[in-house]
2 protein chains.
Amino acid sequence: MKFVDTSYEPGKDDLKVVFRIEPGHGTIFKEAASKIAKESSVGTWTTTDTINERAEKIKARVYELNDPYAKIAYPKELFELNNIPQIMSSIAGNIFGMKSVKNLRLVDLGMPEKILKEYKGPRYGIEGVREMLEVESRPLMGTIVKPKLGLDQKEHAKVAEKSWIGGCDIVKDDENLTSQPFNKFEDRLTETLESRDRAEDETGEKKVYMCNVTAPFNEMMERAEEIKKQGGRYMMIDVVTVGFSALQEMRDEGPELVIHAHRAMHGAITRKKEHGITMQALGQLYRLIGVDQLHIGTGVGKMEGEKNDIKWIKENISKKEVTEYDTTMEDMKKRLKQNWHQIKPVFPVSSGGLHPGIIHEIMDFLGKDLIIQAGGGVHGHPDGSKAGAKAMRQAIDAKMNKENPWKYSEEKEELKKALELWGTKPN
Amino acid sequence: MKFVDTSYEPGKDDLKVVFRIEPGHGTIFKEAASKIAKESSVGTWTTTDTINERAEKIKARVYELNDPYAKIAYPKELFELNNIPQIMSSIAGNIFGMKSVKNLRLVDLGMPEKILKEYKGPRYGIEGVREMLEVESRPLMGTIVKPKLGLDQKEHAKVAEKSWIGGCDIVKDDENLTSQPFNKFEDRLTETLESRDRAEDETGEKKVYMCNVTAPFNEMMERAEEIKKQGGRYMMIDVVTVGFSALQEMRDEGPELVIHAHRAMHGAITRKKEHGITMQALGQLYRLIGVDQLHIGTGVGKMEGEKNDIKWIKENISKKEVTEYDTTMEDMKKRLKQNWHQIKPVFPVSSGGLHPGIIHEIMDFLGKDLIIQAGGGVHGHPDGSKAGAKAMRQAIDAKMNKENPWKYSEEKEELKKALELWGTKPN
């Protein structure tokens, strides 16, 4: 059975995948690509008496070789279309352990409409979230309660309230806060939603609490339902540590809540340039399943190449059609077009090491359809969380008004102190 | 707040973790270790006004530095003890994306009894599976129906029947076969269990079918219940692509079935020596959650170091106490003792490229408490699947009788043909 056919034109229902391949010792590139197509579809290592015509028809085919990139087309018959774990067990399964590859990276997915139609995608997406929060065009601004762990529910709710009143739209749990002895889920939820209500009354703005429901499935579902019952609008899920099976179910059968996807642990899979799975491809899967918001990184202090990757992730989770790239040809080799059809865009989230002094740079880089989150960059303000939130919001306002933040801060005490502490002048 | 304290003696309830760390540009080893302890417990990147005494008390501590290995102790208060996604979002979360590390590998876990008590562990384990299959001491022998995809349910059941009658104890679905249009789950289950019953009647042996239930949670649970209803004894789960949240629920609330854990996609996380998470650590989590059987690799054609790793995985999923290692001091640096208390041992599974000619070597390497699976090595036999299964079983018998397989094969036609095709004389 042959698995390389560069004259093959992928069918409109085929799932296309770009792999970056470094062949293993004694294997050449083309052979490694062929073995990947084989092992990820119908193959086994020796001739058997059981191979039949159907296997021949539904096998995967390498249709483009561009060392170190190979594009492979998978007929839809290989898949249980609405089952992400099954799809990943195929296209990202045993192949990562094969001796014929030294390194292997799943780079990009080109998903046919046939697959898209099997998924709901985001319930709210960018537009739905903006409507809910009544924020038309500026970036949304959020904070993570700090320290990550240590506060009890009352302390937690208090920090949250200050942050909202200071100007945060969003308060979010940390990824490792779920239901610890000193801060039980239900108690925290109740206290923090009460804080939210007071903050809404005081500010006249819509405020949301992204409460972390991450847990074994039934517990997670119960927590989500409790949020709905108590009048919350969001659930936060650590999508990587929770896994695809439970996440799909939460989206499909869970209560009507916005899903905020935290990606803790993704770096174990995405970080090496030569191995694993790109955040881009994971992002596509999370959009398909239907999270509404997804962490994509900040780009701050990153190299050009990494910045391009973040832009690319952003585009693929938030654009309707991904067709053109403002990049070199080298990059084009590894990119597939993607039309998202009816699937809504995901709101990209930048988080990690942010503070008011970087807002200008971040917005230059990622635009306004962005959720900007700062933990230390809010609560580390010399005058505390409320002032920190004000400073963040002022930094966003400055950028929205096309003003230099230092100039803008002349009349904004909170921003001024933040910039003095953390610095960074825009160029 | 200080996160390095090499005079700290981990408490008996602490979760201990070994990391292998390559610091990022401009960071020294000790500093990187400190940042890992911080980010994986209570920390954020700047001083905040919200840090409190509790955070100081429950923070993680680096208690041993042995470049490139660091051991970190996590007080149990950091965790929701029965929530693996939460534990992983802590000890294997954001730290993989930190700039202070160039590479980071979670190497080993030392879990306290306090955590172990929160989990059920394997329902059956090695002893329970042996009892069910009425096989006292030899390795269990299984096959995977091939081609991976392509057969319909009737063809599938036919190949299964031949394999059982030939001598397989186990027939297993492939990792990417769940419920495809040409081979629906329920149809395959019914047909294959009928084959199993016929094979049991004909051979007088117990036979089991490991049917792949991998799917979004509710569907997966329904499939497991259908297996139980139709008299099956096993469910197979692709544990990595399914994820921790759903897996925990399947173990805790699923029907009484043996859980066979396939690890498709693990290589994306485990394969790089310098980054990601070791299979050893994943194996510990799967044992804790309670799978009964887990793929660990074969060791065939591997380098000495990789073989040691496989032995180490095997020990940690199947021994009661992991205390001594027959290895160099270098290796000891990265290993933690583990007493498994009430948690039963997991049956290790070797699969991938196996055939009768390698049985001798595999059993020398991994012993008798092993499930040996061959796909191509059964169905690729010159006389077909039934003869292939016979040959595999004969190879196991030869080893159990301490006979040279070539000598043994003089009176066993099936084994003889297999050895002639695939070769490999034992030394």
# chains A, B, ... in the order shown; residues from 1 in each chain; ligands from 1
call {"tool": "select_by_dssp", "arguments": {"residues": "region 204-389 of chain A", "states": "strand (DSSP E or B)", "output": "NGL selection string"}}
result
:A and (208-212 or 234-238 or 258-262 or 276-277 or 293-295 or 321-322 or 338-339 or 347-351 or 371-374)
call {"tool": "write_last_selection", "arguments": {"atoms": "C-alpha atoms", "output": "compact mmCIF listing (two decimals), in the first residue's frame"}}
result
# COMPACT_ATOMS: atom_id res chain seq x y z
CA VAL A 208 -18.03 39.08 35.40
CA TYR A 209 -16.40 36.45 37.58
CA MET A 210 -14.60 33.61 35.84
CA CYS A 211 -14.85 30.86 38.39
CA ASN A 212 -12.61 27.82 37.90
CA TYR A 234 -18.81 32.35 33.20
CA MET A 235 -17.06 29.10 33.86
CA MET A 236 -13.33 28.77 33.61
CA ILE A 237 -11.82 25.45 32.58
CA ASP A 238 -8.18 24.36 32.50
CA VAL A 258 -19.31 31.69 28.69
CA ILE A 259 -16.36 29.29 28.68
CA HIS A 260 -13.02 30.78 29.56
CA ALA A 261 -10.24 28.36 28.55
CA HIS A 262 -7.02 28.45 30.55
CA GLY A 276 4.78 18.06 19.94
CA ILE A 277 1.72 20.02 18.84
CA GLN A 293 -12.05 32.78 25.33
CA LEU A 294 -8.58 31.30 25.08
CA HIS A 295 -5.15 32.26 26.38
CA GLU A 321 -11.37 32.98 7.04
CA VAL A 322 -7.68 32.39 7.32
CA GLN A 338 -9.14 27.57 7.00
CA ASN A 339 -12.66 28.76 6.46
CA PHE A 347 -11.90 36.00 22.16
CA PRO A 348 -8.08 35.91 22.50
CA VAL A 349 -6.67 36.41 25.99
CA SER A 350 -3.26 37.86 26.83
CA SER A 351 -2.04 37.13 30.31
CA ILE A 371 -8.83 40.38 26.74
CA ILE A 372 -5.93 41.79 28.72
CA GLN A 373 -5.35 40.22 32.10
CA ALA A 374 -2.91 41.26 34.78
call {"tool": "residues_around", "arguments": {"residues": "region 151-155 of chain A", "least_positions_apart": "5", "cutoff": "7 Å", "atoms": "only C-alpha atoms", "output": "CSV table (one decimal) with N, CA, C and O atoms, in the first residue's frame"}}
result
chain,number,residue,atom,x,y,z
A,182,PHE,N,-9.1,25.6,52.4
A,182,PHE,CA,-9.2,27.0,53.0
A,182,PHE,C,-10.0,27.9,52.1
A,182,PHE,O,-10.2,29.1,52.4
A,183,ASN,N,-10.5,27.4,51.0
A,183,ASN,CA,-11.3,28.2,50.0
A,183,ASN,C,-12.1,27.3,49.1
A,183,ASN,O,-11.8,27.0,48.0
A,187,ASP,N,-18.4,28.3,48.6
A,187,ASP,CA,-18.3,29.5,49.4
A,187,ASP,C,-17.7,30.7,48.6
A,187,ASP,O,-18.1,31.8,48.7
A,188,ARG,N,-16.6,30.4,47.9
A,188,ARG,CA,-16.0,31.4,47.1
A,188,ARG,C,-16.9,32.0,46.0
A,188,ARG,O,-17.0,33.2,45.8
A,191,GLU,N,-19.6,34.2,47.7
A,191,GLU,CA,-19.0,35.5,48.2
A,191,GLU,C,-18.6,36.4,47.1
A,191,GLU,O,-18.8,37.6,47.1
call {"tool": "select_by_dssp", "arguments": {"residues": "region 177-257 of chain B", "states": "alpha helix (DSSP H)", "output": "ChimeraX atom specification"}}
result
/B:185-203,217-229,239-242,244-253
call {"tool": "interface_residues", "arguments": {"of": "chain B", "to": "chain A", "cutoff": "6 Å", "atoms": "only C-alpha atoms", "output": "PDB file with C-alpha atoms, in the first residue's frame"}}
result
ATOM      1  CA  VAL B  42       1.324  30.601  45.350  1.00  0.00           C
ATOM      2  CA  GLY B  43       3.456  32.993  43.347  1.00  0.00           C
ATOM      3  CA  THR B  44       3.110  35.841  40.965  1.00  0.00           C
ATOM      4  CA  THR B  46       5.677  41.011  41.559  1.00  0.00           C
ATOM      5  CA  THR B  47       5.085  41.930  45.171  1.00  0.00           C
ATOM      6  CA  THR B  48       1.413  42.455  45.814  1.00  0.00           C
ATOM      7  CA  ASP B  49      -0.611  43.818  48.666  1.00  0.00           C
ATOM      8  CA  ILE B  51       0.114  38.121  50.027  1.00  0.00           C
ATOM      9  CA  ARG B  54      -1.359  31.363  54.598  1.00  0.00           C
ATOM     10  CA  ALA B  55       0.449  31.729  51.301  1.00  0.00           C
ATOM     11  CA  GLU B  80      -7.796  19.538  45.862  1.00  0.00           C
ATOM     12  CA  ASN B  83      -8.713  16.273  41.456  1.00  0.00           C
ATOM     13  CA  PRO B  85      -6.565  18.170  36.620  1.00  0.00           C
ATOM     14  CA  GLN B  86      -6.111  20.599  39.528  1.00  0.00           C
ATOM     15  CA  SER B  89      -2.539  22.621  36.652  1.00  0.00           C
ATOM     16  CA  SER B  90      -0.326  23.296  39.673  1.00  0.00           C
ATOM     17  CA  ALA B  92       2.684  20.876  35.494  1.00  0.00           C
ATOM     18  CA  GLY B  93       0.894  24.076  34.503  1.00  0.00           C
ATOM     19  CA  ASN B  94       2.236  27.526  33.641  1.00  0.00           C
ATOM     20  CA  PHE B  96       6.214  24.832  31.162  1.00  0.00           C
ATOM     21  CA  GLY B  97       5.844  28.195  29.480  1.00  0.00           C
ATOM     22  CA  PRO B 147      -5.820  -3.062   9.497  1.00  0.00           C
ATOM     23  CA  LYS B 148      -6.279  -0.327  12.104  1.00  0.00           C
ATOM     24  CA  LEU B 149      -9.276   0.888  10.154  1.00  0.00           C
ATOM     25  CA  GLY B 150     -11.053  -0.627   7.212  1.00  0.00           C
ATOM     26  CA  ASN B 176      -8.325   5.116  16.419  1.00  0.00           C
ATOM     27  CA  SER B 179     -17.457   4.216  15.936  1.00  0.00           C
ATOM     28  CA  GLN B 180     -16.878   4.894  12.270  1.00  0.00           C
ATOM     29  CA  ALA B 215     -15.371   9.532  23.070  1.00  0.00           C
ATOM     30  CA  PRO B 216     -16.830  12.679  24.607  1.00  0.00           C
ATOM     31  CA  PHE B 217     -17.767  11.829  28.187  1.00  0.00           C
ATOM     32  CA  THR B 241      -6.521  12.042  24.238  1.00  0.00           C
ATOM     33  CA  VAL B 242      -9.530  11.549  26.529  1.00  0.00           C
ATOM     34  CA  GLY B 243      -7.902  13.446  29.381  1.00  0.00           C
ATOM     35  CA  PHE B 244      -7.810  13.234  33.162  1.00  0.00           C
ATOM     36  CA  SER B 245     -11.229  14.660  33.991  1.00  0.00           C
ATOM     37  CA  ALA B 246     -13.244  12.111  32.041  1.00  0.00           C
ATOM     38  CA  GLN B 248     -11.294   9.860  36.650  1.00  0.00           C
ATOM     39  CA  GLU B 249     -15.053   9.809  36.244  1.00  0.00           C
ATOM     40  CA  ALA B 264      -1.839   7.294  22.090  1.00  0.00           C
ATOM     41  CA  MET B 265      -0.405  10.855  21.960  1.00  0.00           C
ATOM     42  CA  GLY B 267       4.869  10.779  22.823  1.00  0.00           C
ATOM     43  CA  ALA B 268       3.965  14.420  22.190  1.00  0.00           C
ATOM     44  CA  ILE B 269       4.487  14.961  25.928  1.00  0.00           C
ATOM     45  CA  GLY B 276       7.644  17.640  28.993  1.00  0.00           C
ATOM     46  CA  GLY B 376       1.090  -7.417  12.444  1.00  0.00           C
ATOM     47  CA  HIS B 379      -2.091 -11.309  11.288  1.00  0.00           C
ATOM     48  CA  GLY B 380       1.064 -11.090   9.183  1.00  0.00           C
ATOM     49  CA  GLY B 384      -2.986 -16.021   8.618  1.00  0.00           C
TER      50      GLY B 384
END
call {"tool": "closest_residue", "arguments": {"among": "B:Val17, B:Met132, B:Ala389, B:Leu109", "to": "Ile72 (chain B)", "atoms": "only C-alpha atoms"}}
result
B:Val17
call {"tool": "residues_around", "arguments": {"residues": "Thr323 (chain B)", "least_positions_apart": "4", "cutoff": "12 Å", "atoms": "only C-alpha atoms", "output": "ChimeraX atom specification"}}
result
/B:110,312,315-316,319,327,332,335-340
call {"tool": "residues_around", "arguments": {"residues": "region 193-200 of chain A", "least_positions_apart": "2", "cutoff": "8 Å", "atoms": "only C-alpha atoms", "output": "list in words"}}
result
Ala157, Lys158, Ala160, Glu161, Trp164, Ile165, Leu189, Thr190, Glu191, Glu202, Thr203, Gly204, Glu205, Lys206, Lys207, Val208, Tyr209, Gln230, Gly231 and Gly232 of chain A
call {"tool": "residues_around", "arguments": {"residues": "Tyr63 (chain B)", "least_positions_apart": "5", "cutoff": "7 Å", "atoms": "only C-alpha atoms", "output": "PyMOL selection string"}}
result
chain B and resi 4-8+71-73
call {"tool": "atom_distance", "arguments": {"atom1": "CA of Lys334 (chain A)", "atom2": "CA of Gln280 (chain A)"}}
result
11.5 Å
call {"tool": "atom_distance", "arguments": {"atom1": "CA of Gly24 (chain B)", "atom2": "CA of Tyr69 (chain B)"}}
result
14.9 Å
call {"tool": "decode", "arguments": {"residues": "region 288-309 of chain A", "atoms": "N, CA, C and O atoms", "output": "mmCIF file, in the first residue's frame"}}
result
data_model
loop_
_atom_site.group_PDB
_atom_site.id
_atom_site.type_symbol
_atom_site.label_atom_id
_atom_site.label_comp_id
_atom_site.auth_asym_id
_atom_site.auth_seq_id
_atom_site.Cartn_x
_atom_site.Cartn_y
_atom_site.Cartn_z
ATOM 1 N N LEU A 288 -13.138 24.810 17.726
ATOM 2 C CA LEU A 288 -14.089 23.855 17.169
ATOM 3 C C LEU A 288 -15.036 23.344 18.261
ATOM 4 O O LEU A 288 -16.263 23.359 18.107
ATOM 5 N N ILE A 289 -14.447 22.916 19.363
ATOM 6 C CA ILE A 289 -15.254 22.408 20.480
ATOM 7 C C ILE A 289 -16.163 23.519 21.009
ATOM 8 O O ILE A 289 -17.322 23.278 21.316
ATOM 9 N N GLY A 290 -15.597 24.734 21.116
ATOM 10 C CA GLY A 290 -16.463 25.844 21.468
ATOM 11 C C GLY A 290 -16.154 26.577 22.755
ATOM 12 O O GLY A 290 -17.086 26.973 23.467
ATOM 13 N N VAL A 291 -14.887 26.784 23.059
ATOM 14 C CA VAL A 291 -14.593 27.704 24.164
ATOM 15 C C VAL A 291 -14.800 29.115 23.626
ATOM 16 O O VAL A 291 -14.702 29.359 22.426
ATOM 17 N N ASP A 292 -15.106 30.065 24.505
ATOM 18 C CA ASP A 292 -15.360 31.444 24.064
ATOM 19 C C ASP A 292 -14.127 32.321 24.176
ATOM 20 O O ASP A 292 -14.009 33.325 23.481
ATOM 21 N N GLN A 293 -13.238 31.979 25.086
ATOM 22 C CA GLN A 293 -12.045 32.775 25.334
ATOM 23 C C GLN A 293 -10.874 31.832 25.528
ATOM 24 O O GLN A 293 -11.024 30.806 26.175
ATOM 25 N N LEU A 294 -9.740 32.202 24.981
ATOM 26 C CA LEU A 294 -8.577 31.301 25.080
ATOM 27 C C LEU A 294 -7.287 32.096 25.245
ATOM 28 O O LEU A 294 -7.043 33.057 24.520
ATOM 29 N N HIS A 295 -6.475 31.659 26.180
ATOM 30 C CA HIS A 295 -5.151 32.256 26.384
ATOM 31 C C HIS A 295 -4.258 31.968 25.180
ATOM 32 O O HIS A 295 -4.168 30.840 24.723
ATOM 33 N N ILE A 296 -3.599 33.030 24.694
ATOM 34 C CA ILE A 296 -2.713 32.826 23.537
ATOM 35 C C ILE A 296 -1.304 33.386 23.772
ATOM 36 O O ILE A 296 -0.459 33.298 22.888
ATOM 37 N N GLY A 297 -1.059 33.957 24.931
ATOM 38 C CA GLY A 297 0.248 34.561 25.189
ATOM 39 C C GLY A 297 0.190 36.063 24.979
ATOM 40 O O GLY A 297 -0.846 36.615 24.607
ATOM 41 N N THR A 298 1.323 36.718 25.243
ATOM 42 C CA THR A 298 1.338 38.176 25.187
ATOM 43 C C THR A 298 2.229 38.719 24.075
ATOM 44 O O THR A 298 1.995 39.800 23.555
ATOM 45 N N GLY A 299 3.243 37.974 23.731
ATOM 46 C CA GLY A 299 4.193 38.473 22.739
ATOM 47 C C GLY A 299 5.244 39.391 23.331
ATOM 48 O O GLY A 299 6.273 39.641 22.714
ATOM 49 N N VAL A 300 4.992 39.870 24.552
ATOM 50 C CA VAL A 300 5.951 40.800 25.167
ATOM 51 C C VAL A 300 7.283 40.096 25.423
ATOM 52 O O VAL A 300 7.312 39.016 26.005
ATOM 53 N N GLY A 301 8.349 40.735 24.976
ATOM 54 C CA GLY A 301 9.680 40.178 25.217
ATOM 55 C C GLY A 301 9.985 38.940 24.398
ATOM 56 O O GLY A 301 10.940 38.227 24.655
ATOM 57 N N LYS A 302 9.143 38.680 23.426
ATOM 58 C CA LYS A 302 9.350 37.491 22.593
ATOM 59 C C LYS A 302 10.162 37.843 21.353
ATOM 60 O O LYS A 302 10.206 38.994 20.934
ATOM 61 N N MET A 303 10.751 36.840 20.732
ATOM 62 C CA MET A 303 11.466 37.002 19.467
ATOM 63 C C MET A 303 10.442 37.138 18.340
ATOM 64 O O MET A 303 9.289 36.752 18.478
ATOM 65 N N GLU A 304 10.933 37.618 17.210
ATOM 66 C CA GLU A 304 10.064 37.867 16.068
ATOM 67 C C GLU A 304 9.269 36.611 15.675
ATOM 68 O O GLU A 304 8.065 36.666 15.439
ATOM 69 N N GLY A 305 9.962 35.495 15.610
ATOM 70 C CA GLY A 305 9.326 34.241 15.190
ATOM 71 C C GLY A 305 8.196 33.850 16.129
ATOM 72 O O GLY A 305 7.101 33.468 15.699
ATOM 73 N N GLU A 306 8.455 33.982 17.410
ATOM 74 C CA GLU A 306 7.425 33.630 18.396
ATOM 75 C C GLU A 306 6.245 34.601 18.311
ATOM 76 O O GLU A 306 5.097 34.215 18.490
ATOM 77 N N LYS A 307 6.570 35.859 18.037
ATOM 78 C CA LYS A 307 5.491 36.839 17.881
ATOM 79 C C LYS A 307 4.602 36.469 16.690
ATOM 80 O O LYS A 307 3.375 36.557 16.761
ATOM 81 N N ASN A 308 5.255 36.072 15.602
ATOM 82 C CA ASN A 308 4.480 35.629 14.441
ATOM 83 C C ASN A 308 3.556 34.472 14.800
ATOM 84 O O ASN A 308 2.409 34.424 14.360
ATOM 85 N N ASP A 309 4.089 33.550 15.594
ATOM 86 C CA ASP A 309 3.269 32.402 16.000
ATOM 87 C C ASP A 309 2.037 32.868 16.766
ATOM 88 O O ASP A 309 0.935 32.361 16.563
#
